[in-house]
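Below is one structure; the comments refer to it alone.
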Amino acid sequence: MKLDNPPWLTAAAPVFALLEDAGYQALAVGGCVRNTLLGVPVADVDIATDALPETVLALAKKHGYRAIPTGIDHGTITVIHKGEAYEITTFRKDVETDGRRAVVEFSTRIKDDALRRDFTMNALYVRADGTLQDPLNGLPDLKARRLRFIENAFQRIAEDHLRILRYFRFYAYYCDPEVGPDMEAIAAIAASIDGLEALSGERVGSEMRKLLAAPNPAPALGIMAQTHALSRVLPGADARFIAPLVEIEKPQPLRWQRRLAALGAGDAASLWRLSKADQKSLEHIQKAMEMPSLIEAGYRLGEAAAIDAMLVQCASLGLEPEPEVIRAIQAAAREVFPLKAPYLMDRIPPGKALGAELRRLEKLWIESGFTLSQAALDKMVEP
């Protein structure tokens, strides 16, 4: 079987040639192959080779390519060609693992390299001419959108417990819920759940953000809840409202923070080491959900937070979002309070009293539906 000359393979041809012209093997592997076969956009191209990392560095230097030893101890060199980064990794096999990191041994066999990967659909390789190499017979699983660990699921998870979360992320993106999960995988996950405790918050958060950003994460989150993986990574989380949220949020931009808010657990920011921007986004949604008026929330916290809060509330109550409320939130987010402190300073000296009066007037302005003018508000000032 051959791939039909995808653009990324053509663009990577000089990088393949860098290795092949020197007598080494070069094969694209993993996500670029999987996504091409599924008709999904390809984000990056990883290349596997039997050339040792020092050889890759030397070849790149010889031919004028920029090369970065990003993971040389594990066999990975990043080669830059026309602004694109290609991770070139020597065939390898794991000789020692502790559930988080591995000691590897370089190999010259594709099958050794394939056996150390996580899922059968990720152990597909493509040569520069588009010829598919499937050393572990993963293509039937990919065609069936069936996610299976390579060989022994328990052993694959023991090598790296993050694979538990990767299983659910891949399930959300690439699997057919009608087919259902692989029962051996689920049994292995349930038996290995304690291993999640050893993972860093950053690694957990990275996987969970990607999962929540899937077109429909509800089936994967449901299985996570059943295996108790969800409660391990986010105590108190409840996945019941994700499916209805996915149904009613479709006209709006997809936001994983909204889905995280729907899970109902408040400790994600600290547990997952979220960035300050993501923390602020989540906090705004949670504050908007607590405010008595979504319209006021739109004005004070912004359109995105208020609409997210409305969608989460609708999903939890089994309601459809009202278009007129969405329009009112959007309009409120554009409003600007017409009265500023200098307008009042001739009557109220700077300080707490001035701030309190401005807040009182702003509240009246909001309650009027933002209709009170600057002149009308000026007349309502209480010295």
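Letters for chains follow the order of the structure tokens (A, B, ...), residue numbers begin at 1 for each chain, and ligand numbers begin at 1 in the order shown.
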>> So that I can check the surroundings of Tyr167 of chain A, please list as JSON, numbers by chain every protein, DNA and RNA residue that reaches within 9 Å of it, counting only C-alpha atoms and ignoring chain neighbours fewer than 2 positions away.
In response: {"A": [118, 119, 147, 148, 149, 162, 163, 164, 165, 169, 170, 171, 172, 185, 220]}
> Which neighbours of Leu37 of chain A fall inside 12 Å, counting only C-alpha atoms, when residues of the same chain fewer than 5 positions from it are skipped, and could you give them as a PyMOL selection string?
Replying inline: chain A and resi 1-6+30-32+42+121-122+124-126+130+132+138-145+174
Please write the residues from the selection above to a file, keeping C-alpha atoms, as a PDB file, in the first residue's frame.
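What ended up in part06.pdb:
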```pdb
ATOM      1  CA  MET A   1       0.000   0.000   0.000  1.00  0.00           C
ATOM      2  CA  LYS A   2       1.169   3.523  -0.826  1.00  0.00           C
ATOM      3  CA  LEU A   3       0.088   6.937   0.385  1.00  0.00           C
ATOM      4  CA  ASP A   4      -1.089   9.195  -2.414  1.00  0.00           C
ATOM      5  CA  ASN A   5       1.798  11.672  -2.247  1.00  0.00           C
ATOM      6  CA  PRO A   6       0.570  13.845   0.682  1.00  0.00           C
ATOM      7  CA  GLY A  30       3.274   7.997  14.041  1.00  0.00           C
ATOM      8  CA  GLY A  31       0.852  10.879  13.851  1.00  0.00           C
ATOM      9  CA  CYS A  32       1.627  12.075  10.332  1.00  0.00           C
ATOM     10  CA  VAL A  42      -1.021  16.672   9.893  1.00  0.00           C
ATOM     11  CA  MET A 121      -2.326   2.832  15.123  1.00  0.00           C
ATOM     12  CA  ASN A 122       0.829   4.766  16.045  1.00  0.00           C
ATOM     13  CA  LEU A 124       2.681   2.750  11.113  1.00  0.00           C
ATOM     14  CA  TYR A 125       5.631   3.867   8.993  1.00  0.00           C
ATOM     15  CA  VAL A 126       5.942   5.367   5.515  1.00  0.00           C
ATOM     16  CA  GLY A 130       4.871   6.600   0.095  1.00  0.00           C
ATOM     17  CA  LEU A 132       3.424   1.896   3.996  1.00  0.00           C
ATOM     18  CA  GLY A 138      -1.942  -1.851  13.101  1.00  0.00           C
ATOM     19  CA  LEU A 139      -3.658  -0.811   9.874  1.00  0.00           C
ATOM     20  CA  PRO A 140      -6.807  -2.935  10.470  1.00  0.00           C
ATOM     21  CA  ASP A 141      -7.200  -1.282  13.888  1.00  0.00           C
ATOM     22  CA  LEU A 142      -6.846   2.163  12.348  1.00  0.00           C
ATOM     23  CA  LYS A 143      -9.381   1.394   9.626  1.00  0.00           C
ATOM     24  CA  ALA A 144     -11.834   0.155  12.262  1.00  0.00           C
ATOM     25  CA  ARG A 145     -11.041   3.211  14.449  1.00  0.00           C
ATOM     26  CA  TYR A 174      -9.767   8.835  16.558  1.00  0.00           C
TER      27      TYR A 174
END
```
> segment 241-251 of chain A: which residues within 8 Å, counting only C-alpha atoms, same-chain residues fewer than 6 positions away excluded, as a ChimeraX atom specification?
Replying inline: /A:216-219,259,262-263,311-312,314-316,318,320-321
Dump C-alpha atoms for the selected residues as a PDB file, in the first residue's frame?
```
ATOM      1  CA  ASN A 216     -16.591  15.302  21.334  1.00  0.00           C
ATOM      2  CA  PRO A 217     -14.750  14.245  24.509  1.00  0.00           C
ATOM      3  CA  ALA A 218     -17.898  12.916  26.207  1.00  0.00           C
ATOM      4  CA  PRO A 219     -17.464   9.175  25.448  1.00  0.00           C
ATOM      5  CA  ARG A 259     -15.849  21.965  29.211  1.00  0.00           C
ATOM      6  CA  ALA A 262     -18.766  21.793  33.155  1.00  0.00           C
ATOM      7  CA  LEU A 263     -16.838  19.053  34.946  1.00  0.00           C
ATOM      8  CA  LEU A 311     -23.945  27.056  28.062  1.00  0.00           C
ATOM      9  CA  VAL A 312     -22.727  25.146  31.114  1.00  0.00           C
ATOM     10  CA  CYS A 314     -28.121  25.128  30.154  1.00  0.00           C
ATOM     11  CA  ALA A 315     -26.364  21.765  29.790  1.00  0.00           C
ATOM     12  CA  SER A 316     -26.764  21.020  33.503  1.00  0.00           C
ATOM     13  CA  GLY A 318     -31.300  20.250  30.107  1.00  0.00           C
ATOM     14  CA  GLU A 320     -31.483  25.037  25.031  1.00  0.00           C
ATOM     15  CA  PRO A 321     -29.561  28.345  25.010  1.00  0.00           C
TER      16      PRO A 321
END
```
> Could you name the residues that touch segment 52-64 of chain A at 9 Å or less, counting only C-alpha atoms, but leaving out those on the same chain fewer than 4 positions away, as a list in words?
Replying inline: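 So, after excluding close chain neighbours, the residues are Val15, Leu18, Leu19, Ala22, Ile68, Pro69, Ile72, Asp73, His74, Gly75, Thr76, Ile77, Val79, Ile88, Thr89, Thr90, Phe91, Phe106 and Ser107 of chain A.
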Write out as CSV a residue-level contact list of segment 208-308 of chain A versus segment 363-373 of chain A with cut-off 9 Å: for each qualifying residue the closest pair of atoms and the distance in Å to one decimal, counting only C-alpha atoms, rows sorted by chain and residue number upward.
```
residue,atom,partner,partner_atom,distance
A:Ile295,CA,A:Ile366,CA,8.7
A:Glu296,CA,A:Ile366,CA,6.9
A:Tyr299,CA,A:Ile366,CA,8.7
```
> Please, what distance in Å, to one decimal, runs between atom CA of Gly39 of chain A and atom CA of Pro253 of chain A?
Replying inline: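 Separation between atom CA of Gly39 of chain A and atom CA of Pro253 of chain A: 22.2 Å.
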